[in-house]
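> What follows is target-v8.pdb, made up of PDB, C-alpha atoms:
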ATOM      1  CA  MET A 779     -27.984  -8.334  16.713
ATOM      2  CA  ASP A 780     -24.212  -7.872  17.080
ATOM      3  CA  ARG A 781     -21.926 -10.612  15.860
ATOM      4  CA  VAL A 782     -19.732 -11.798  18.691
ATOM      5  CA  LEU A 783     -16.333 -13.473  18.729
ATOM      6  CA  PRO A 784     -15.779 -16.288  21.232
ATOM      7  CA  VAL A 785     -14.730 -15.406  24.763
ATOM      8  CA  HIS A 786     -11.039 -15.177  25.450
ATOM      9  CA  SER A 787     -10.047 -15.834  29.062
ATOM     10  CA  CYS A 788      -6.675 -14.593  30.244
ATOM     11  CA  HIS A 789      -5.604 -13.507  33.686
ATOM     12  CA  CYS A 790      -3.640 -10.545  32.332
ATOM     13  CA  ASN A 791      -6.745  -9.017  30.677
ATOM     14  CA  ASN A 792      -6.049  -5.362  29.768
ATOM     15  CA  GLY A 793      -2.344  -5.749  30.456
ATOM     16  CA  CYS A 794      -2.049  -8.173  27.561
ATOM     17  CA  PRO A 795      -1.098  -6.511  24.251
ATOM     18  CA  GLY A 796      -2.811  -9.363  22.471
ATOM     19  CA  ILE A 797      -6.158  -8.388  23.955
ATOM     20  CA  ARG A 798      -5.710  -4.816  22.773
ATOM     21  CA  ILE A 799      -5.065  -6.150  19.279
ATOM     22  CA  TYR A 800      -8.110  -8.405  19.591
ATOM     23  CA  ARG A 801     -10.341  -5.497  20.586
ATOM     24  CA  GLY A 802      -8.923  -3.329  17.817
ATOM     25  CA  VAL A 803      -9.705  -5.956  15.221
ATOM     26  CA  CYS A 804     -13.219  -6.296  16.600
ATOM     27  CA  ARG A 805     -13.762  -2.572  16.178
ATOM     28  CA  MET A 806     -12.339  -2.646  12.675
ATOM     29  CA  VAL A 807     -14.659  -5.402  11.461
ATOM     30  CA  LYS A 808     -17.585  -4.237  13.620
ATOM     31  CA  LEU A 809     -17.736  -7.206  15.943
ATOM     32  CA  ARG A 810     -18.417  -7.028  19.668
ATOM     33  CA  PRO A 811     -15.499  -8.503  21.642
ATOM     34  CA  ARG A 812     -15.953 -10.692  24.701
ATOM     35  CA  VAL A 813     -12.991 -10.756  27.064
ATOM     36  CA  THR A 814     -13.200 -12.018  30.646
ATOM     37  CA  ASN A 815     -10.804 -12.606  33.487
ATOM     38  CA  GLY A 816      -9.754 -16.191  33.878
ATOM     39  CA  ARG A 817      -7.205 -18.408  35.531
ATOM     40  CA  ASP A 818      -5.258 -19.384  32.456
ATOM     41  CA  ALA A 819      -1.568 -18.589  32.463
ATOM     42  CA  CYS A 820      -0.362 -16.208  29.785
ATOM     43  CA  THR A 821       3.000 -17.845  29.067
ATOM     44  CA  SER A 822       2.009 -18.198  25.438
ATOM     45  CA  CYS A 823      -1.211 -16.211  25.523
ATOM     46  CA  ARG A 824      -4.190 -18.196  24.311
ATOM     47  CA  LEU A 825      -5.274 -15.122  22.424
ATOM     48  CA  ARG A 826      -2.739 -16.043  19.773
ATOM     49  CA  ASP A 827      -4.817 -19.103  19.009
ATOM     50  CA  LEU A 828      -7.879 -16.911  18.590
ATOM     51  CA  ALA A 829      -5.921 -14.517  16.412
ATOM     52  CA  ASP A 830      -4.688 -17.323  14.186
ATOM     53  CA  LYS A 831      -8.120 -18.881  13.882
ATOM     54  CA  TYR A 832     -10.537 -15.969  13.862
ATOM     55  CA  VAL A 833      -8.751 -12.714  13.143
ATOM     56  CA  ARG A 834      -7.169 -13.981   9.947
ATOM     57  CA  VAL A 835     -10.477 -15.394   8.753
ATOM     58  CA  LEU A 836     -12.266 -12.144   9.532
ATOM     59  CA  LEU A 837      -9.650  -9.973   7.896
ATOM     60  CA  GLU A 838      -9.468 -12.118   4.789
ATOM     61  CA  THR A 839     -13.226 -12.545   4.332
ATOM     62  CA  THR A 840     -15.240  -9.784   5.961
ATOM     63  CA  ALA A 841     -12.648  -7.073   5.316
ATOM     64  CA  ASP A 842     -11.695  -8.365   1.864
ATOM     65  CA  GLU A 843     -15.329  -8.366   0.810
ATOM     66  CA  HIS A 844     -15.789  -4.872   2.213
ATOM     67  CA  TRP A 845     -12.874  -3.448   0.250
ATOM     68  CA  MET A 846     -13.819  -5.385  -2.865
ATOM     69  CA  GLN A 847     -17.255  -3.796  -2.705
ATOM     70  CA  ARG A 848     -15.525  -0.427  -2.709
ATOM     71  CA  ALA A 849     -13.518  -1.501  -5.755
ATOM     72  CA  LEU A 850     -16.723  -2.665  -7.461
ATOM     73  CA  ALA A 851     -18.195   0.793  -6.893
ATOM     74  CA  LEU A 852     -15.218   2.224  -8.781
ATOM     75  CA  ALA A 853     -15.827  -0.329 -11.532
ATOM     76  CA  THR A 854     -19.368   0.994 -11.974
ATOM     77  CA  ARG A 855     -17.876   4.474 -12.365
ATOM     78  CA  ALA A 856     -15.748   3.161 -15.215
ATOM     79  CA  GLU A 857     -18.851   1.659 -16.798
ATOM     80  CA  ALA A 858     -20.695   4.978 -16.525
ATOM     81  CA  GLU A 859     -17.827   6.581 -18.462
ATOM     82  CA  GLY A 860     -18.029   3.965 -21.206
ATOM     83  CA  GLU A 861     -14.954   2.085 -20.020
ATOM     84  CA  VAL A 862     -14.610  -1.625 -19.250
ATOM     85  CA  PRO A 863     -15.863  -1.872 -15.646
ATOM     86  CA  VAL A 864     -12.794  -2.611 -13.536
ATOM     87  CA  GLY A 865     -11.960  -0.855 -10.269
ATOM     88  CA  ALA A 866      -8.977  -1.009  -7.924
ATOM     89  CA  LEU A 867      -7.905   0.180  -4.482
ATOM     90  CA  VAL A 868      -4.571   0.263  -2.674
ATOM     91  CA  LEU A 869      -4.663  -0.094   1.100
ATOM     92  CA  LEU A 870      -1.963   0.455   3.678
ATOM     93  CA  ASP A 871      -2.587  -0.028   7.396
ATOM     94  CA  ASN A 872      -6.284  -0.458   6.633
ATOM     95  CA  GLU A 873      -6.548   2.929   4.935
ATOM     96  CA  ILE A 874      -7.118   3.677   1.260
ATOM     97  CA  ILE A 875      -4.047   5.353  -0.174
ATOM     98  CA  GLY A 876      -4.866   4.920  -3.850
ATOM     99  CA  ALA A 877      -7.887   4.357  -6.081
ATOM    100  CA  GLY A 878      -8.473   3.923  -9.779
ATOM    101  CA  TRP A 879     -10.856   2.674 -12.424
ATOM    102  CA  ASN A 880     -10.356   1.800 -16.071
ATOM    103  CA  GLN A 881      -9.779   4.955 -18.161
ATOM    104  CA  PRO A 882      -7.745   4.042 -21.267
ATOM    105  CA  ILE A 883     -10.347   5.571 -23.616
ATOM    106  CA  GLY A 884     -10.933   8.739 -21.632
ATOM    107  CA  CYS A 885      -7.225   9.267 -20.983
ATOM    108  CA  ASN A 886      -6.100   8.173 -24.462
ATOM    109  CA  ASP A 887      -3.672   5.973 -22.564
ATOM    110  CA  PRO A 888      -3.410   2.213 -23.191
ATOM    111  CA  SER A 889      -1.749   1.808 -19.781
ATOM    112  CA  ALA A 890      -4.604   3.450 -17.840
ATOM    113  CA  HIS A 891      -5.896   0.249 -16.304
ATOM    114  CA  ALA A 892      -7.569   0.449 -12.888
ATOM    115  CA  GLU A 893      -4.559  -1.110 -11.142
ATOM    116  CA  MET A 894      -2.086   1.233 -12.815
ATOM    117  CA  LEU A 895      -4.068   4.327 -11.849
ATOM    118  CA  ALA A 896      -4.532   3.099  -8.281
ATOM    119  CA  LEU A 897      -0.797   2.413  -7.962
ATOM    120  CA  ARG A 898       0.081   5.835  -9.393
ATOM    121  CA  ASP A 899      -2.338   7.513  -7.003
ATOM    122  CA  ALA A 900      -0.908   5.633  -4.028
ATOM    123  CA  ALA A 901       2.705   6.312  -5.003
ATOM    124  CA  GLN A 902       2.039  10.037  -5.368
ATOM    125  CA  ARG A 903       0.276  10.206  -2.015
ATOM    126  CA  GLN A 904       3.064   8.279  -0.312
ATOM    127  CA  HIS A 905       5.790  10.197  -2.170
ATOM    128  CA  ASN A 906       7.378   6.847  -2.916
ATOM    129  CA  TYR A 907       7.316   4.580  -5.948
ATOM    130  CA  ARG A 908       7.629   1.607  -3.581
ATOM    131  CA  LEU A 909       4.572   0.580  -1.579
ATOM    132  CA  PRO A 910       5.825  -2.137   0.803
ATOM    133  CA  GLY A 911       3.176  -3.664   3.025
ATOM    134  CA  ALA A 912       0.325  -2.414   0.821
ATOM    135  CA  THR A 913      -2.566  -4.499  -0.505
ATOM    136  CA  LEU A 914      -4.094  -4.062  -3.940
ATOM    137  CA  TYR A 915      -7.776  -4.905  -4.423
ATOM    138  CA  VAL A 916      -8.979  -5.200  -8.006
ATOM    139  CA  THR A 917     -12.236  -6.526  -9.419
ATOM    140  CA  LEU A 918     -10.560  -8.400 -12.314
ATOM    141  CA  GLU A 919      -7.428 -10.523 -12.407
ATOM    142  CA  PRO A 920      -4.434  -8.306 -13.316
ATOM    143  CA  CYS A 921      -2.868  -8.484 -16.763
ATOM    144  CA  VAL A 922       0.842  -8.840 -17.552
ATOM    145  CA  MET A 923       1.393  -5.081 -17.601
ATOM    146  CA  CYS A 924      -0.270  -4.583 -14.222
ATOM    147  CA  VAL A 925       1.606  -7.484 -12.651
ATOM    148  CA  GLY A 926       4.845  -5.810 -13.714
ATOM    149  CA  ALA A 927       3.803  -2.590 -11.971
ATOM    150  CA  ILE A 928       2.707  -4.545  -8.888
ATOM    151  CA  MET A 929       6.142  -6.127  -8.678
ATOM    152  CA  HIS A 930       7.971  -2.825  -9.115
ATOM    153  CA  ALA A 931       5.782  -1.205  -6.450
ATOM    154  CA  ARG A 932       6.588  -4.057  -4.036
ATOM    155  CA  ILE A 933       2.920  -4.637  -3.253
ATOM    156  CA  ALA A 934       2.667  -7.228  -0.474
ATOM    157  CA  ARG A 935      -0.722  -8.713  -1.304
ATOM    158  CA  VAL A 936      -3.132  -8.753  -4.230
ATOM    159  CA  VAL A 937      -6.820  -9.572  -3.830
ATOM    160  CA  TYR A 938      -8.803  -9.923  -7.034
ATOM    161  CA  GLY A 939     -12.340 -10.859  -7.955
ATOM    162  CA  ALA A 940     -13.161 -12.330 -11.356
ATOM    163  CA  SER A 941     -10.566 -14.389 -13.189
ATOM    164  CA  ASP A 942      -9.481 -13.521 -16.724
ATOM    165  CA  PRO A 943      -8.843 -16.658 -18.789
ATOM    166  CA  LYS A 944      -7.680 -14.633 -21.811
ATOM    167  CA  THR A 945      -5.151 -12.144 -20.437
ATOM    168  CA  GLY A 946      -4.959 -12.819 -16.690
ATOM    169  CA  ALA A 947      -1.412 -13.013 -15.328
ATOM    170  CA  ALA A 948      -2.234 -14.438 -11.905
ATOM    171  CA  GLY A 949      -3.204 -17.899 -13.076
ATOM    172  CA  GLY A 950      -5.992 -17.238 -15.577
ATOM    173  CA  GLN A 951      -3.753 -17.355 -18.657
ATOM    174  CA  PHE A 952      -0.247 -16.828 -17.233
ATOM    175  CA  GLU A 953       1.131 -17.492 -13.759
ATOM    176  CA  LEU A 954       3.360 -14.483 -13.221
ATOM    177  CA  LEU A 955       2.095 -13.033  -9.966
ATOM    178  CA  GLY A 956       2.901 -16.209  -8.055
ATOM    179  CA  SER A 957       6.144 -16.937  -9.896
ATOM    180  CA  ASP A 958       9.298 -17.631  -7.889
ATOM    181  CA  LYS A 959      11.462 -16.167 -10.662
ATOM    182  CA  PHE A 960      11.047 -12.606  -9.417
ATOM    183  CA  ASN A 961      12.987 -11.007  -6.578
ATOM    184  CA  HIS A 962       9.706 -10.079  -4.908
ATOM    185  CA  ARG A 963       6.931 -12.415  -3.801
ATOM    186  CA  VAL A 964       3.289 -11.369  -3.624
ATOM    187  CA  GLU A 965       0.568 -13.049  -1.586
ATOM    188  CA  VAL A 966      -2.480 -13.645  -3.795
ATOM    189  CA  THR A 967      -6.123 -14.086  -2.777
ATOM    190  CA  ARG A 968      -8.419 -15.033  -5.637
ATOM    191  CA  GLY A 969     -12.142 -14.963  -6.284
ATOM    192  CA  VAL A 970     -13.388 -12.397  -3.741
ATOM    193  CA  LEU A 971     -16.885 -11.367  -4.889
ATOM    194  CA  ALA A 972     -15.906 -12.832  -8.245
ATOM    195  CA  ALA A 973     -19.508 -13.282  -9.386
ATOM    196  CA  HIS A 974     -20.216  -9.581  -8.914
ATOM    197  CA  GLY A 975     -17.205  -8.508 -10.952
ATOM    198  CA  ALA A 976     -17.927 -11.060 -13.657
ATOM    199  CA  GLU A 977     -21.560  -9.954 -13.907
ATOM    200  CA  LEU A 978     -20.525  -6.319 -14.363
ATOM    201  CA  LEU A 979     -18.221  -7.306 -17.205
ATOM    202  CA  ARG A 980     -20.739  -9.641 -18.805
ATOM    203  CA  ASN A 981     -23.507  -7.031 -18.783
ATOM    204  CA  PHE A 982     -21.145  -4.385 -20.140
ATOM    205  CA  PHE A 983     -20.086  -6.426 -23.159
ATOM    206  CA  GLN A 984     -23.578  -7.764 -23.831
ATOM    207  CA  SER A 985     -24.923  -4.213 -23.991
ATOM    208  CA  ARG A 986     -22.424  -3.422 -26.728
ATOM    209  CA  ARG A 987     -23.145  -6.323 -29.031
TER     210      ARG A 987
END
Could you write out this structure as structure tokens?

Amino acid sequence: MDRVLPVHSCHCNNGCPGIRIYRGVCRMVKLRPRVTNGRDACTSCRLRDLADKYVRVLLETTADEHWMQRALALATRAEAEGEVPVGALVLLDNEIIGAGWNQPIGCNDPSAHAEMLALRDAAQRQHNYRLPGATLYVTLEPCVMCVGAIMHARIARVVYGASDPKTGAAGGQFELLGSDKFNHRVEVTRGVLAAHGAELLRNFFQSRR
């Protein structure tokens, strides 16, 4: 059965740009929209209330979990190659523009963390070392090195899964990603599918003891 967002009633219906946005979001997160004609004035379209309440929740839960699952799939690829299972994606306008998984052993490169490779991939595809407006999804909290690259790339938002109490630089060990001392601020969402990422890491290290 389709999941359905609440009805939005607005006399302007298809003429309202807000309703077009609403329907677009519904398609993106695979929900069936319900829009009807009504008598409500559209001075400050009531759809904005729905957008604030529902769209943001949907985008930051349903969509975040979807993209984190994709990052977790990349993490399993790292594991299959004998690397610590961490995967990362860079999204812009809801499209993947960069992907990476841990490869420091295979690449003989201590900087080849999943985030670094995803950022490099995205920058090359965009022909720009800056990635304004982009979101980085990564299965493990970024380290100090990766936070530096995130800042230089001007990533707008970082979504990570499992926390890293030993080397995490987004609150696990250091609070760099949310620091106000930089000339760029990053929105941070923590703990998305954290248990899945943590389990991958735990099983990987247990198998090597």
> Under the PyMOL selection byres ((chain A and resi 926-928) around 9), which residues of this model are included? Write them out as a ChimeraX atom specification.
/A:893-894,897,914,921-925,929-934,936,954-955,964
> Mind working out the centre and edge lengths of an axis-aligned box for segment 860-864 of chain A, all listed atoms inside, 3 Å added to each side, rounded to one decimal in Å and written as lines of an AutoDock Vina configuration file?

center_x = -15.4
center_y = 0.7
center_z = -17.4
size_x = 11.2
size_y = 12.6
size_z = 13.7
> For the provided coordinates, the residues matched by the PyMOL selection byres ((chain A and resi 913) around 10) should be stated as a short mmCIF file (atom, residue, chain, number, x, y, z; two decimals) with C-alpha atoms, in the coordinates of the input.

data_model
loop_
_atom_site.label_atom_id
_atom_site.label_comp_id
_atom_site.auth_asym_id
_atom_site.auth_seq_id
_atom_site.Cartn_x
_atom_site.Cartn_y
_atom_site.Cartn_z
CA LEU A 867 -7.90 0.18 -4.48
CA VAL A 868 -4.57 0.26 -2.67
CA LEU A 869 -4.66 -0.09 1.10
CA LEU A 870 -1.96 0.46 3.68
CA ASP A 871 -2.59 -0.03 7.40
CA ASN A 872 -6.28 -0.46 6.63
CA ILE A 874 -7.12 3.68 1.26
CA ILE A 875 -4.05 5.35 -0.17
CA LEU A 909 4.57 0.58 -1.58
CA PRO A 910 5.82 -2.14 0.80
CA GLY A 911 3.18 -3.66 3.02
CA ALA A 912 0.32 -2.41 0.82
CA LEU A 914 -4.09 -4.06 -3.94
CA TYR A 915 -7.78 -4.90 -4.42
CA VAL A 916 -8.98 -5.20 -8.01
CA ILE A 928 2.71 -4.54 -8.89
CA ARG A 932 6.59 -4.06 -4.04
CA ILE A 933 2.92 -4.64 -3.25
CA ALA A 934 2.67 -7.23 -0.47
CA ARG A 935 -0.72 -8.71 -1.30
CA VAL A 936 -3.13 -8.75 -4.23
CA VAL A 937 -6.82 -9.57 -3.83
CA VAL A 964 3.29 -11.37 -3.62
CA GLU A 965 0.57 -13.05 -1.59
CA VAL A 966 -2.48 -13.64 -3.80
#
> Counting only C-alpha atoms, figure out which residue out of A:Glu859, A:Asp958, A:Glu919, A:Asp842 gets nearest to Gly884 of chain A.
A:Glu859
> Please evaluate the PyMOL selection byres ((chain A and resi 986) around 12) against the structure above and give the resulting residues as an MDAnalysis selection string.
chainID A and resid 857 860:862 979:985 987
> Atom CA of Arg848 of chain A to atom CA of Gly865 of chain A: how many Å, to one decimal?
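Between atom CA of Arg848 of chain A and atom CA of Gly865 of chain A the gap works out to 8.4 Å.
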> By how many Å are atom CA of Asp942 of chain A and atom CA of Tyr907 of chain A apart?
26.9 Å
> Do you have the atom CA of Ala896 of chain A-atom CA of Lys959 of chain A distance handy?
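Going from atom CA of Ala896 of chain A over to atom CA of Lys959 of chain A, I get 25.2 Å.
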> For Ala851 of chain A, work out the shell of residues within 12 Å, counting all atoms listed in the file and skipping chain neighbours fewer than 6 positions away, then give it as a compact mmCIF listing (two decimals) with C-alpha atoms, keeping the file's coordinate frame.

# COMPACT_ATOMS: atom_id res chain seq x y z
CA HIS A 844 -15.79 -4.87 2.21
CA TRP A 845 -12.87 -3.45 0.25
CA GLU A 857 -18.85 1.66 -16.80
CA ALA A 858 -20.70 4.98 -16.52
CA PRO A 863 -15.86 -1.87 -15.65
CA VAL A 864 -12.79 -2.61 -13.54
CA GLY A 865 -11.96 -0.86 -10.27
CA ALA A 866 -8.98 -1.01 -7.92
CA LEU A 867 -7.90 0.18 -4.48
CA ALA A 877 -7.89 4.36 -6.08
CA GLY A 878 -8.47 3.92 -9.78
CA TRP A 879 -10.86 2.67 -12.42
CA VAL A 916 -8.98 -5.20 -8.01
CA THR A 917 -12.24 -6.53 -9.42
CA HIS A 974 -20.22 -9.58 -8.91
CA GLY A 975 -17.20 -8.51 -10.95
CA LEU A 978 -20.52 -6.32 -14.36
> Of the candidates A:Lys944, A:Gly969, A:Gly876, A:Ser957, which shows the shortest atom-to-atom distance to Arg903 of chain A, using all atoms listed in the file?
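Among the listed residues, the smallest separation from Arg903 of chain A belongs to A:Gly876.
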> Would you mind putting N, CA and C atoms back on segment 947-982 of chain A and writing the result as a short mmCIF file (atom, residue, chain, number, x, y, z; two decimals), in the frame of the given file?

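Saved file out_3.cif follows:
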data_model
loop_
_atom_site.label_atom_id
_atom_site.label_comp_id
_atom_site.auth_asym_id
_atom_site.auth_seq_id
_atom_site.Cartn_x
_atom_site.Cartn_y
_atom_site.Cartn_z
N ALA A 947 -2.81 -12.64 -15.60
CA ALA A 947 -1.41 -13.01 -15.33
C ALA A 947 -1.22 -13.49 -13.90
N ALA A 948 -2.32 -13.89 -13.26
CA ALA A 948 -2.23 -14.44 -11.90
C ALA A 948 -2.80 -15.85 -11.86
N GLY A 949 -2.74 -16.52 -13.00
CA GLY A 949 -3.20 -17.90 -13.08
C GLY A 949 -4.25 -18.14 -14.13
N GLY A 950 -4.94 -17.07 -14.57
CA GLY A 950 -5.99 -17.24 -15.58
C GLY A 950 -5.45 -17.68 -16.92
N GLN A 951 -4.42 -16.99 -17.41
CA GLN A 951 -3.75 -17.36 -18.66
C GLN A 951 -2.27 -17.59 -18.41
N PHE A 952 -1.67 -16.72 -17.59
CA PHE A 952 -0.25 -16.83 -17.23
C PHE A 952 -0.15 -16.86 -15.71
N GLU A 953 0.90 -17.48 -15.21
CA GLU A 953 1.13 -17.49 -13.76
C GLU A 953 2.39 -16.69 -13.47
N LEU A 954 2.23 -15.36 -13.48
CA LEU A 954 3.36 -14.48 -13.22
C LEU A 954 3.35 -13.96 -11.79
N LEU A 955 2.17 -13.65 -11.29
CA LEU A 955 2.10 -13.03 -9.97
C LEU A 955 2.62 -13.96 -8.87
N GLY A 956 2.42 -15.26 -9.05
CA GLY A 956 2.90 -16.21 -8.06
C GLY A 956 4.22 -16.86 -8.41
N SER A 957 4.89 -16.33 -9.44
CA SER A 957 6.14 -16.94 -9.90
C SER A 957 7.27 -16.74 -8.88
N ASP A 958 8.14 -17.74 -8.78
CA ASP A 958 9.30 -17.63 -7.89
C ASP A 958 10.53 -17.12 -8.64
N LYS A 959 10.33 -16.66 -9.87
CA LYS A 959 11.46 -16.17 -10.66
C LYS A 959 11.74 -14.69 -10.42
N PHE A 960 10.84 -14.02 -9.72
CA PHE A 960 11.05 -12.61 -9.42
C PHE A 960 11.76 -12.46 -8.08
N ASN A 961 12.32 -11.26 -7.86
CA ASN A 961 12.99 -11.01 -6.58
C ASN A 961 12.02 -10.45 -5.54
N HIS A 962 10.74 -10.51 -5.86
CA HIS A 962 9.71 -10.08 -4.91
C HIS A 962 8.55 -11.05 -4.99
N ARG A 963 8.06 -11.48 -3.85
CA ARG A 963 6.93 -12.42 -3.80
C ARG A 963 5.68 -11.69 -3.33
N VAL A 964 4.56 -12.00 -3.95
CA VAL A 964 3.29 -11.37 -3.62
C VAL A 964 2.30 -12.43 -3.15
N GLU A 965 1.64 -12.16 -2.04
CA GLU A 965 0.57 -13.05 -1.59
C GLU A 965 -0.67 -12.76 -2.43
N VAL A 966 -1.33 -13.81 -2.90
CA VAL A 966 -2.48 -13.64 -3.80
C VAL A 966 -3.72 -14.30 -3.20
N THR A 967 -4.82 -13.55 -3.17
CA THR A 967 -6.12 -14.09 -2.78
C THR A 967 -7.05 -13.93 -3.97
N ARG A 968 -7.63 -15.03 -4.41
CA ARG A 968 -8.42 -15.03 -5.64
C ARG A 968 -9.92 -15.18 -5.36
N GLY A 969 -10.71 -14.66 -6.26
CA GLY A 969 -12.14 -14.96 -6.28
C GLY A 969 -13.02 -14.24 -5.27
N VAL A 970 -12.56 -13.13 -4.71
CA VAL A 970 -13.39 -12.40 -3.74
C VAL A 970 -14.48 -11.62 -4.48
N LEU A 971 -15.73 -11.95 -4.19
CA LEU A 971 -16.89 -11.37 -4.89
C LEU A 971 -16.72 -11.48 -6.40
N ALA A 972 -16.19 -12.62 -6.82
CA ALA A 972 -15.91 -12.83 -8.24
C ALA A 972 -17.16 -12.74 -9.10
N ALA A 973 -18.27 -13.28 -8.60
CA ALA A 973 -19.51 -13.28 -9.39
C ALA A 973 -19.98 -11.86 -9.68
N HIS A 974 -19.79 -10.96 -8.72
CA HIS A 974 -20.22 -9.58 -8.91
C HIS A 974 -19.39 -8.90 -10.00
N GLY A 975 -18.07 -9.09 -9.94
CA GLY A 975 -17.20 -8.51 -10.95
C GLY A 975 -17.47 -9.08 -12.33
N ALA A 976 -17.67 -10.40 -12.38
CA ALA A 976 -17.93 -11.06 -13.66
C ALA A 976 -19.25 -10.60 -14.26
N GLU A 977 -20.26 -10.41 -13.41
CA GLU A 977 -21.56 -9.95 -13.91
C GLU A 977 -21.47 -8.55 -14.49
N LEU A 978 -20.72 -7.67 -13.82
CA LEU A 978 -20.52 -6.32 -14.36
C LEU A 978 -19.92 -6.37 -15.77
N LEU A 979 -18.90 -7.19 -15.92
CA LEU A 979 -18.22 -7.31 -17.20
C LEU A 979 -19.14 -7.92 -18.25
N ARG A 980 -19.84 -8.97 -17.86
CA ARG A 980 -20.74 -9.64 -18.80
C ARG A 980 -21.83 -8.69 -19.30
N ASN A 981 -22.44 -7.97 -18.39
CA ASN A 981 -23.51 -7.03 -18.78
C ASN A 981 -22.96 -5.91 -19.66
N PHE A 982 -21.76 -5.46 -19.36
CA PHE A 982 -21.14 -4.38 -20.14
C PHE A 982 -20.94 -4.82 -21.59
#
